[in-house]
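Structure data follow from input.csv (CSV, N, CA, C and O atoms):
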```csv
chain,number,residue,atom,x,y,z
Z,70,TYR,N,0.8,-1.2,0.0
Z,70,TYR,CA,0.0,0.0,0.0
Z,70,TYR,C,0.9,1.2,0.0
Z,70,TYR,O,0.7,2.2,-0.8
Z,71,ILE,N,1.8,1.3,0.9
Z,71,ILE,CA,2.7,2.5,1.0
Z,71,ILE,C,3.6,2.6,-0.3
Z,71,ILE,O,3.7,3.7,-0.8
Z,72,GLU,N,4.1,1.5,-0.8
Z,72,GLU,CA,4.9,1.6,-2.0
Z,72,GLU,C,4.1,2.1,-3.1
Z,72,GLU,O,4.6,3.0,-3.9
Z,73,GLN,N,2.9,1.6,-3.3
Z,73,GLN,CA,2.1,2.1,-4.4
Z,73,GLN,C,1.7,3.5,-4.2
Z,73,GLN,O,1.7,4.3,-5.2
Z,74,THR,N,1.4,3.9,-3.0
Z,74,THR,CA,1.1,5.3,-2.8
Z,74,THR,C,2.2,6.3,-3.1
Z,74,THR,O,2.1,7.3,-3.7
Z,75,LEU,N,3.4,5.9,-2.6
Z,75,LEU,CA,4.6,6.7,-2.9
Z,75,LEU,C,5.0,6.7,-4.3
Z,75,LEU,O,5.6,7.7,-4.8
Z,76,ALA,N,4.6,5.7,-5.1
Z,76,ALA,CA,4.9,5.7,-6.5
Z,76,ALA,C,3.8,6.4,-7.3
Z,76,ALA,O,3.8,6.4,-8.5
Z,77,GLY,N,2.8,7.0,-6.6
Z,77,GLY,CA,1.8,7.8,-7.3
Z,77,GLY,C,0.7,6.9,-7.8
Z,77,GLY,O,-0.1,7.4,-8.6
Z,78,LYS,N,0.6,5.7,-7.4
Z,78,LYS,CA,-0.4,4.8,-7.9
Z,78,LYS,C,-1.5,4.7,-6.8
Z,78,LYS,O,-1.3,4.9,-5.7
Z,79,LYS,N,-2.7,4.4,-7.3
Z,79,LYS,CA,-3.8,4.2,-6.4
Z,79,LYS,C,-3.8,2.8,-5.9
Z,79,LYS,O,-4.1,1.9,-6.7
Z,80,PRO,N,-3.5,2.6,-4.7
Z,80,PRO,CA,-3.5,1.2,-4.2
Z,80,PRO,C,-4.9,0.6,-4.1
Z,80,PRO,O,-5.8,1.3,-3.5
Z,81,MET,N,-5.1,-0.5,-4.7
Z,81,MET,CA,-6.4,-1.1,-4.6
Z,81,MET,C,-6.3,-2.6,-4.7
Z,81,MET,O,-5.3,-3.1,-5.3
Z,82,GLU,N,-7.3,-3.3,-4.2
Z,82,GLU,CA,-7.3,-4.7,-4.3
Z,82,GLU,C,-8.8,-5.1,-4.7
Z,82,GLU,O,-9.7,-4.4,-4.3
Z,83,PHE,N,-8.9,-6.1,-5.5
Z,83,PHE,CA,-10.3,-6.5,-5.9
Z,83,PHE,C,-10.3,-8.0,-6.0
Z,83,PHE,O,-9.2,-8.6,-6.2
Z,84,GLU,N,-11.4,-8.5,-6.0
Z,84,GLU,CA,-11.6,-10.0,-6.2
Z,84,GLU,C,-12.8,-10.2,-7.1
Z,84,GLU,O,-13.7,-9.4,-7.2
Z,85,ILE,N,-12.8,-11.2,-7.9
Z,85,ILE,CA,-13.9,-11.6,-8.8
Z,85,ILE,C,-14.7,-12.7,-8.1
Z,85,ILE,O,-14.1,-13.7,-7.7
Z,86,LEU,N,-16.0,-12.4,-7.9
Z,86,LEU,CA,-16.8,-13.3,-7.1
Z,86,LEU,C,-17.8,-14.0,-8.1
Z,86,LEU,O,-18.2,-13.4,-9.1
Z,87,ASN,N,-18.1,-15.3,-7.8
Z,87,ASN,CA,-19.1,-16.0,-8.6
Z,87,ASN,C,-20.4,-15.6,-8.1
Z,87,ASN,O,-20.6,-14.9,-7.1
Z,88,ASP,N,-21.5,-16.1,-8.7
Z,88,ASP,CA,-22.9,-15.7,-8.3
Z,88,ASP,C,-23.2,-16.1,-6.9
Z,88,ASP,O,-23.8,-15.3,-6.1
Z,89,THR,N,-22.7,-17.2,-6.4
Z,89,THR,CA,-23.0,-17.7,-5.1
Z,89,THR,C,-22.3,-16.8,-4.1
Z,89,THR,O,-22.8,-16.4,-3.0
Z,90,GLN,N,-21.0,-16.5,-4.4
Z,90,GLN,CA,-20.2,-15.6,-3.5
Z,90,GLN,C,-20.8,-14.2,-3.4
Z,90,GLN,O,-20.9,-13.6,-2.3
Z,91,ARG,N,-21.3,-13.7,-4.5
Z,91,ARG,CA,-22.0,-12.4,-4.5
Z,91,ARG,C,-23.3,-12.4,-3.7
Z,91,ARG,O,-23.5,-11.5,-2.9
Z,92,MET,N,-24.0,-13.5,-3.8
Z,92,MET,CA,-25.2,-13.6,-3.0
Z,92,MET,C,-24.9,-13.7,-1.5
Z,92,MET,O,-25.6,-13.0,-0.7
Z,93,ASN,N,-23.9,-14.4,-1.2
Z,93,ASN,CA,-23.5,-14.5,0.2
Z,93,ASN,C,-23.0,-13.1,0.8
Z,93,ASN,O,-23.2,-12.8,1.9
Z,94,GLU,N,-22.3,-12.4,-0.1
Z,94,GLU,CA,-21.9,-11.0,0.3
Z,94,GLU,C,-23.1,-10.1,0.6
Z,94,GLU,O,-23.1,-9.3,1.5
Z,95,LYS,N,-24.1,-10.3,-0.3
Z,95,LYS,CA,-25.4,-9.5,-0.1
Z,95,LYS,C,-26.0,-9.9,1.3
Z,95,LYS,O,-26.4,-9.0,2.0
Z,96,ILE,N,-26.0,-11.2,1.6
Z,96,ILE,CA,-26.6,-11.6,2.9
Z,96,ILE,C,-25.8,-10.9,4.0
Z,96,ILE,O,-26.4,-10.4,5.0
Z,97,MET,N,-24.5,-11.0,3.9
Z,97,MET,CA,-23.6,-10.5,5.0
Z,97,MET,C,-23.9,-9.0,5.2
Z,97,MET,O,-24.0,-8.5,6.3
Z,98,THR,N,-23.9,-8.2,4.1
Z,98,THR,CA,-24.0,-6.8,4.3
Z,98,THR,C,-25.5,-6.3,4.5
Z,98,THR,O,-25.7,-5.5,5.4
Z,99,LEU,N,-26.4,-6.9,3.8
Z,99,LEU,CA,-27.8,-6.5,4.0
Z,99,LEU,C,-28.4,-6.9,5.4
Z,99,LEU,O,-29.2,-6.1,6.0
Z,100,LEU,N,-27.9,-8.0,6.0
Z,100,LEU,CA,-28.4,-8.4,7.3
Z,100,LEU,C,-28.0,-7.4,8.3
Z,100,LEU,O,-28.7,-7.2,9.3
Z,101,ARG,N,-26.9,-6.6,8.1
Z,101,ARG,CA,-26.5,-5.6,9.1
Z,101,ARG,C,-27.3,-4.3,9.0
Z,101,ARG,O,-27.0,-3.4,9.8
Z,102,THR,N,-28.1,-4.2,8.0
Z,102,THR,CA,-28.9,-3.0,7.8
Z,102,THR,C,-30.2,-3.0,8.7
Z,102,THR,O,-30.6,-4.1,9.1
Z,103,LYS,N,-30.7,-1.9,8.9
Z,103,LYS,CA,-32.0,-1.8,9.7
Z,103,LYS,C,-33.1,-2.6,9.0
Z,103,LYS,O,-33.9,-3.3,9.7
Z,104,GLU,N,-33.1,-2.6,7.7
Z,104,GLU,CA,-34.2,-3.2,7.0
Z,104,GLU,C,-34.0,-4.8,6.9
Z,104,GLU,O,-34.9,-5.5,6.7
Z,105,GLY,N,-32.7,-5.2,7.0
Z,105,GLY,CA,-32.4,-6.6,6.9
Z,105,GLY,C,-32.5,-7.2,5.5
Z,105,GLY,O,-32.2,-6.4,4.6
Z,106,ILE,N,-32.8,-8.4,5.4
Z,106,ILE,CA,-32.9,-9.1,4.1
Z,106,ILE,C,-34.3,-9.6,3.9
Z,106,ILE,O,-35.0,-9.9,4.8
Z,107,THR,N,-34.6,-9.8,2.6
Z,107,THR,CA,-35.9,-10.3,2.3
Z,107,THR,C,-35.7,-11.7,1.7
Z,107,THR,O,-35.0,-11.8,0.7
Z,108,ILE,N,-36.4,-12.7,2.2
Z,108,ILE,CA,-36.3,-14.0,1.7
Z,108,ILE,C,-37.8,-14.4,1.4
Z,108,ILE,O,-38.7,-14.2,2.2
Z,109,ASP,N,-38.0,-15.0,0.2
Z,109,ASP,CA,-39.2,-15.6,-0.1
Z,109,ASP,C,-39.3,-16.9,0.5
Z,109,ASP,O,-38.9,-17.9,0.0
Z,110,ILE,N,-39.9,-17.0,1.7
Z,110,ILE,CA,-39.8,-18.2,2.5
Z,110,ILE,C,-40.6,-19.3,1.9
Z,110,ILE,O,-40.2,-20.5,1.9
Z,111,GLU,N,-41.8,-19.0,1.3
Z,111,GLU,CA,-42.6,-20.0,0.7
Z,111,GLU,C,-41.9,-20.7,-0.5
Z,111,GLU,O,-42.1,-21.9,-0.8
Z,112,ASN,N,-41.2,-19.9,-1.3
Z,112,ASN,CA,-40.6,-20.4,-2.5
Z,112,ASN,C,-39.1,-20.7,-2.4
Z,112,ASN,O,-38.4,-21.0,-3.4
Z,113,GLU,N,-38.5,-20.5,-1.2
Z,113,GLU,CA,-37.1,-20.9,-0.9
Z,113,GLU,C,-36.1,-20.0,-1.7
Z,113,GLU,O,-35.1,-20.5,-2.1
Z,114,PHE,N,-36.5,-18.7,-1.9
Z,114,PHE,CA,-35.6,-17.8,-2.7
Z,114,PHE,C,-35.1,-16.7,-1.8
Z,114,PHE,O,-35.7,-16.2,-1.0
Z,115,PHE,N,-33.8,-16.4,-2.1
Z,115,PHE,CA,-33.3,-15.1,-1.6
Z,115,PHE,C,-32.7,-14.4,-2.9
Z,115,PHE,O,-31.9,-15.0,-3.6
Z,116,ASP,N,-33.2,-13.2,-3.1
Z,116,ASP,CA,-32.8,-12.5,-4.3
Z,116,ASP,C,-33.1,-13.3,-5.5
Z,116,ASP,O,-34.3,-13.7,-5.7
Z,117,HIS,N,-32.2,-13.7,-6.4
Z,117,HIS,CA,-32.5,-14.6,-7.5
Z,117,HIS,C,-32.0,-16.0,-7.3
Z,117,HIS,O,-31.9,-16.8,-8.2
Z,118,TYR,N,-31.6,-16.3,-6.1
Z,118,TYR,CA,-31.0,-17.6,-5.7
Z,118,TYR,C,-32.0,-18.5,-5.1
Z,118,TYR,O,-32.7,-18.1,-4.2
Z,119,LYS,N,-32.2,-19.7,-5.7
Z,119,LYS,CA,-33.1,-20.6,-5.1
Z,119,LYS,C,-32.3,-21.6,-4.3
Z,119,LYS,O,-31.4,-22.3,-4.9
Z,120,TYR,N,-32.6,-21.7,-3.0
Z,120,TYR,CA,-31.8,-22.6,-2.2
Z,120,TYR,C,-32.2,-24.1,-2.5
Z,120,TYR,O,-33.3,-24.4,-2.8
Z,121,PRO,N,-31.2,-24.9,-2.5
Z,121,PRO,CA,-31.5,-26.4,-2.6
Z,121,PRO,C,-32.4,-26.8,-1.4
Z,121,PRO,O,-32.2,-26.2,-0.3
Z,122,THR,N,-33.3,-27.7,-1.6
Z,122,THR,CA,-34.3,-28.1,-0.6
Z,122,THR,C,-33.6,-28.4,0.7
Z,122,THR,O,-34.0,-28.0,1.8
Z,123,ALA,N,-32.5,-29.3,0.7
Z,123,ALA,CA,-31.9,-29.7,1.9
Z,123,ALA,C,-31.2,-28.5,2.6
Z,123,ALA,O,-31.3,-28.4,3.9
Z,124,LEU,N,-30.6,-27.6,1.9
Z,124,LEU,CA,-30.1,-26.4,2.5
Z,124,LEU,C,-31.2,-25.5,3.1
Z,124,LEU,O,-31.0,-24.9,4.2
Z,125,TRP,N,-32.3,-25.4,2.4
Z,125,TRP,CA,-33.4,-24.5,2.8
Z,125,TRP,C,-33.9,-25.0,4.2
Z,125,TRP,O,-34.2,-24.2,5.1
Z,126,LYS,N,-34.1,-26.4,4.3
Z,126,LYS,CA,-34.5,-26.9,5.6
Z,126,LYS,C,-33.6,-26.5,6.7
Z,126,LYS,O,-34.1,-26.2,7.8
Z,127,ASN,N,-32.3,-26.5,6.5
Z,127,ASN,CA,-31.3,-26.1,7.5
Z,127,ASN,C,-31.5,-24.6,7.8
Z,127,ASN,O,-31.4,-24.2,8.9
Z,128,VAL,N,-31.7,-23.8,6.8
Z,128,VAL,CA,-31.9,-22.3,6.9
Z,128,VAL,C,-33.1,-22.1,7.8
Z,128,VAL,O,-33.1,-21.3,8.7
Z,129,VAL,N,-34.2,-22.8,7.5
Z,129,VAL,CA,-35.5,-22.6,8.2
Z,129,VAL,C,-35.3,-23.0,9.7
Z,129,VAL,O,-35.7,-22.3,10.6
Z,130,ALA,N,-34.6,-24.1,10.0
Z,130,ALA,CA,-34.3,-24.5,11.3
Z,130,ALA,C,-33.5,-23.4,12.1
Z,130,ALA,O,-33.8,-23.1,13.2
Z,131,HIS,N,-32.5,-22.8,11.4
Z,131,HIS,CA,-31.8,-21.7,12.0
Z,131,HIS,C,-32.6,-20.5,12.3
Z,131,HIS,O,-32.5,-19.9,13.3
Z,132,LEU,N,-33.5,-20.2,11.3
Z,132,LEU,CA,-34.4,-19.0,11.5
Z,132,LEU,C,-35.3,-19.2,12.7
Z,132,LEU,O,-35.5,-18.2,13.5
Z,133,GLU,N,-35.8,-20.4,12.9
Z,133,GLU,CA,-36.6,-20.7,14.0
Z,133,GLU,C,-35.8,-20.5,15.3
Z,133,GLU,O,-36.3,-19.9,16.3
Z,134,GLU,N,-34.6,-21.0,15.3
Z,134,GLU,CA,-33.7,-20.9,16.5
Z,134,GLU,C,-33.4,-19.5,16.8
Z,134,GLU,O,-33.5,-19.0,18.0
Z,135,TYR,N,-33.1,-18.7,15.8
Z,135,TYR,CA,-32.7,-17.3,16.0
Z,135,TYR,C,-33.9,-16.4,16.5
Z,135,TYR,O,-33.8,-15.5,17.2
Z,136,THR,N,-35.1,-16.8,16.0
Z,136,THR,CA,-36.3,-16.1,16.4
Z,136,THR,C,-36.6,-16.4,17.9
Z,136,THR,O,-36.9,-15.5,18.7
Z,137,ALA,N,-36.4,-17.7,18.3
Z,137,ALA,CA,-36.6,-18.1,19.7
Z,137,ALA,C,-35.6,-17.4,20.6
Z,137,ALA,O,-36.0,-17.1,21.7
Z,138,ASN,N,-34.4,-17.2,20.1
Z,138,ASN,CA,-33.4,-16.6,20.9
Z,138,ASN,C,-33.5,-15.1,20.9
Z,138,ASN,O,-32.6,-14.4,21.5
Z,139,ASN,N,-34.4,-14.5,20.2
Z,139,ASN,CA,-34.6,-13.1,20.0
Z,139,ASN,C,-33.4,-12.4,19.4
Z,139,ASN,O,-33.0,-11.3,19.7
Z,140,TRP,N,-32.8,-13.1,18.4
Z,140,TRP,CA,-31.7,-12.6,17.6
Z,140,TRP,C,-32.2,-11.9,16.3
Z,140,TRP,O,-31.5,-11.1,15.8
Z,141,ILE,N,-33.4,-12.4,15.8
Z,141,ILE,CA,-33.9,-11.9,14.6
Z,141,ILE,C,-35.4,-11.7,14.8
Z,141,ILE,O,-36.1,-12.3,15.6
Z,142,THR,N,-36.0,-10.8,13.9
Z,142,THR,CA,-37.4,-10.7,13.7
Z,142,THR,C,-37.7,-11.1,12.3
Z,142,THR,O,-36.9,-10.8,11.4
Z,143,ILE,N,-38.9,-11.7,12.1
Z,143,ILE,CA,-39.3,-12.0,10.7
Z,143,ILE,C,-40.7,-11.4,10.5
Z,143,ILE,O,-41.6,-11.6,11.3
Z,144,SER,N,-40.8,-10.5,9.5
Z,144,SER,CA,-42.1,-9.8,9.2
Z,144,SER,C,-42.2,-9.7,7.7
Z,144,SER,O,-41.4,-9.1,7.1
Z,145,ASN,N,-43.3,-10.3,7.2
Z,145,ASN,CA,-43.5,-10.3,5.8
Z,145,ASN,C,-42.3,-10.8,4.9
Z,145,ASN,O,-42.0,-10.2,3.9
Z,146,GLY,N,-41.7,-11.8,5.4
Z,146,GLY,CA,-40.5,-12.3,4.7
Z,146,GLY,C,-39.2,-11.5,4.9
Z,146,GLY,O,-38.2,-11.8,4.3
Z,147,ASN,N,-39.3,-10.5,5.7
Z,147,ASN,CA,-38.2,-9.7,5.9
Z,147,ASN,C,-37.5,-10.1,7.2
Z,147,ASN,O,-38.2,-10.1,8.3
Z,148,ILE,N,-36.2,-10.4,7.2
Z,148,ILE,CA,-35.5,-10.9,8.3
Z,148,ILE,C,-34.5,-9.8,8.8
Z,148,ILE,O,-33.7,-9.3,8.0
Z,149,ALA,N,-34.7,-9.3,10.0
Z,149,ALA,CA,-33.8,-8.2,10.5
Z,149,ALA,C,-33.3,-8.7,11.9
Z,149,ALA,O,-33.9,-9.4,12.6
Z,150,LEU,N,-32.1,-8.2,12.1
Z,150,LEU,CA,-31.4,-8.5,13.4
Z,150,LEU,C,-32.0,-7.6,14.5
Z,150,LEU,O,-32.4,-6.5,14.3
Z,151,THR,N,-32.2,-8.2,15.7
Z,151,THR,CA,-32.5,-7.4,16.9
Z,151,THR,C,-31.2,-6.8,17.4
Z,151,THR,O,-30.1,-7.1,16.9
Z,152,ASN,N,-31.4,-6.0,18.4
Z,152,ASN,CA,-30.2,-5.4,19.0
Z,152,ASN,C,-29.3,-6.6,19.6
Z,152,ASN,O,-28.1,-6.5,19.4
Z,153,ASN,N,-29.9,-7.5,20.2
Z,153,ASN,CA,-29.2,-8.7,20.7
Z,153,ASN,C,-28.6,-9.5,19.6
Z,153,ASN,O,-27.5,-10.0,19.7
Z,154,GLY,N,-29.3,-9.6,18.5
Z,154,GLY,CA,-28.8,-10.4,17.3
Z,154,GLY,C,-27.6,-9.8,16.6
Z,154,GLY,O,-26.8,-10.5,16.0
Z,155,MET,N,-27.5,-8.4,16.8
Z,155,MET,CA,-26.3,-7.8,16.2
Z,155,MET,C,-25.0,-8.4,16.7
Z,155,MET,O,-24.0,-8.4,16.0
Z,156,LEU,N,-25.0,-8.9,17.9
Z,156,LEU,CA,-23.8,-9.5,18.5
Z,156,LEU,C,-23.5,-10.8,17.8
Z,156,LEU,O,-22.4,-11.3,17.9
Z,157,TYR,N,-24.4,-11.4,17.1
Z,157,TYR,CA,-24.3,-12.7,16.4
Z,157,TYR,C,-24.4,-12.6,14.9
Z,157,TYR,O,-24.6,-13.6,14.2
Z,158,ALA,N,-24.2,-11.4,14.4
Z,158,ALA,CA,-24.5,-11.1,13.0
Z,158,ALA,C,-23.7,-12.1,12.0
Z,158,ALA,O,-24.2,-12.6,11.1
Z,159,ASP,N,-22.4,-12.3,12.3
Z,159,ASP,CA,-21.6,-13.1,11.4
Z,159,ASP,C,-22.0,-14.6,11.5
Z,159,ASP,O,-22.1,-15.2,10.5
Z,160,HIS,N,-22.3,-15.0,12.7
Z,160,HIS,CA,-22.8,-16.4,12.9
Z,160,HIS,C,-24.1,-16.6,12.1
Z,160,HIS,O,-24.3,-17.6,11.4
Z,161,ILE,N,-25.0,-15.7,12.3
Z,161,ILE,CA,-26.3,-15.8,11.6
Z,161,ILE,C,-26.2,-15.8,10.1
Z,161,ILE,O,-26.7,-16.6,9.4
Z,162,ALA,N,-25.4,-14.8,9.6
Z,162,ALA,CA,-25.2,-14.7,8.2
Z,162,ALA,C,-24.6,-16.0,7.6
Z,162,ALA,O,-25.1,-16.5,6.6
Z,163,ALA,N,-23.6,-16.5,8.3
Z,163,ALA,CA,-23.0,-17.7,7.8
Z,163,ALA,C,-23.9,-18.9,7.7
Z,163,ALA,O,-23.8,-19.7,6.7
Z,164,ASN,N,-24.9,-18.9,8.5
Z,164,ASN,CA,-25.9,-20.0,8.5
Z,164,ASN,C,-27.0,-19.8,7.4
Z,164,ASN,O,-27.8,-20.7,7.2
Z,165,LEU,N,-27.0,-18.6,6.9
Z,165,LEU,CA,-27.9,-18.3,5.8
Z,165,LEU,C,-27.3,-18.4,4.4
Z,165,LEU,O,-27.9,-18.3,3.4
Z,166,PHE,N,-25.9,-18.6,4.4
Z,166,PHE,CA,-25.2,-18.6,3.2
Z,166,PHE,C,-25.6,-19.8,2.3
Z,166,PHE,O,-25.9,-20.8,2.7
Z,167,ALA,N,-25.5,-19.5,1.0
Z,167,ALA,CA,-25.7,-20.5,0.0
Z,167,ALA,C,-24.4,-21.3,-0.3
Z,167,ALA,O,-23.4,-20.8,0.1
Z,168,THR,N,-24.5,-22.4,-0.9
Z,168,THR,CA,-23.3,-23.1,-1.3
Z,168,THR,C,-23.3,-23.3,-2.8
Z,168,THR,O,-24.3,-23.2,-3.4
Z,169,ASN,N,-22.1,-23.6,-3.3
Z,169,ASN,CA,-22.0,-23.8,-4.8
Z,169,ASN,C,-22.6,-25.2,-5.1
Z,169,ASN,O,-22.7,-26.1,-4.4
```
I'd like the structure from this file rewritten - as structure tokens, please.
Amino acid sequence: YIEQTLAGKKPMEFEILNDTQRMNEKIMTLLRTKEGITIDIENEFFDHYKYPTALWKNVVAHLEEYTANNWITISNGNIALTNNGMLYADHIAANLFATN
């Protein structure tokens, strides 16, 4: 970073993400917002990603657990972290992630 800055270059780093990685990044960032994320619970969709049925059953089990622990609220398919849930944001997001 310092070498590039001293050389008059703009130091930057980037990565190329596949569709699943982009979707997981959305989950990670949107979950931290006040609005949370929207999942079409009946049709097993988040954004344009359809969860595999086995993975979806796991996601639903986690959502039930997180609701019981008062870590999330679910309203009209919108999942938002509670103040208490903010402490577990990474854990919650990881359990909502899709797989390739």
TODO: Give the helix (DSSP H, G or I) residues of segment 97-164 of chain Z, as assigned by DSSP on the backbone, as number ranges by chain.
DONE: Z: 97-99, 122-137, 154-164
Open item on the list: Applying 10 Å and only C-alpha atoms, which residues near Ala149 of chain Z remain after dropping the ones on its own chain fewer than 5 positions away? List them as a ChimeraX atom specification.
Closed with: /Z:99-107,140-144,154-155
Task: Nearest candidate to Arg91 of chain Z (options Z:Ile148, Z:Ile161, Z:Leu132, Z:Ala167; using only C-alpha atoms) - done: Z:Ala167
Open item on the list: When you count only N, CA, C and O atoms, which of these residues is closest to Leu165 of chain Z: Z:Met81, Z:Val128, Z:Ala123, Z:Ala76?
Closed with: Z:Val128
TODO: Rounded to one decimal place, report the atom CA of Asn164 of chain Z-atom C of Gly146 of chain Z distance in Å.
DONE: 16.2 Å
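Taking atom N of Glu82 of chain Z and atom O of Ile96 of chain Z as endpoints, the distance between them is 22.4 Å.
Of the residues in segment 87-148 of chain Z, those that DSSP places in strand (DSSP E or B) on the basis of the backbone are Ile106, Thr107, Ile108, Asp109, Phe114, Phe115, Tyr118, Lys119, Ile141, Thr142, Ile143, Ser144, Asn147 and Ile148 of chain Z.
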TODO: Work out how far atom CA of Asp88 of chain Z is from atom CA of Tyr70 of chain Z, in Å to one decimal.
DONE: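 According to the coordinates, atom CA of Tyr70 of chain Z and atom CA of Asp88 of chain Z are separated by 29.0 Å.
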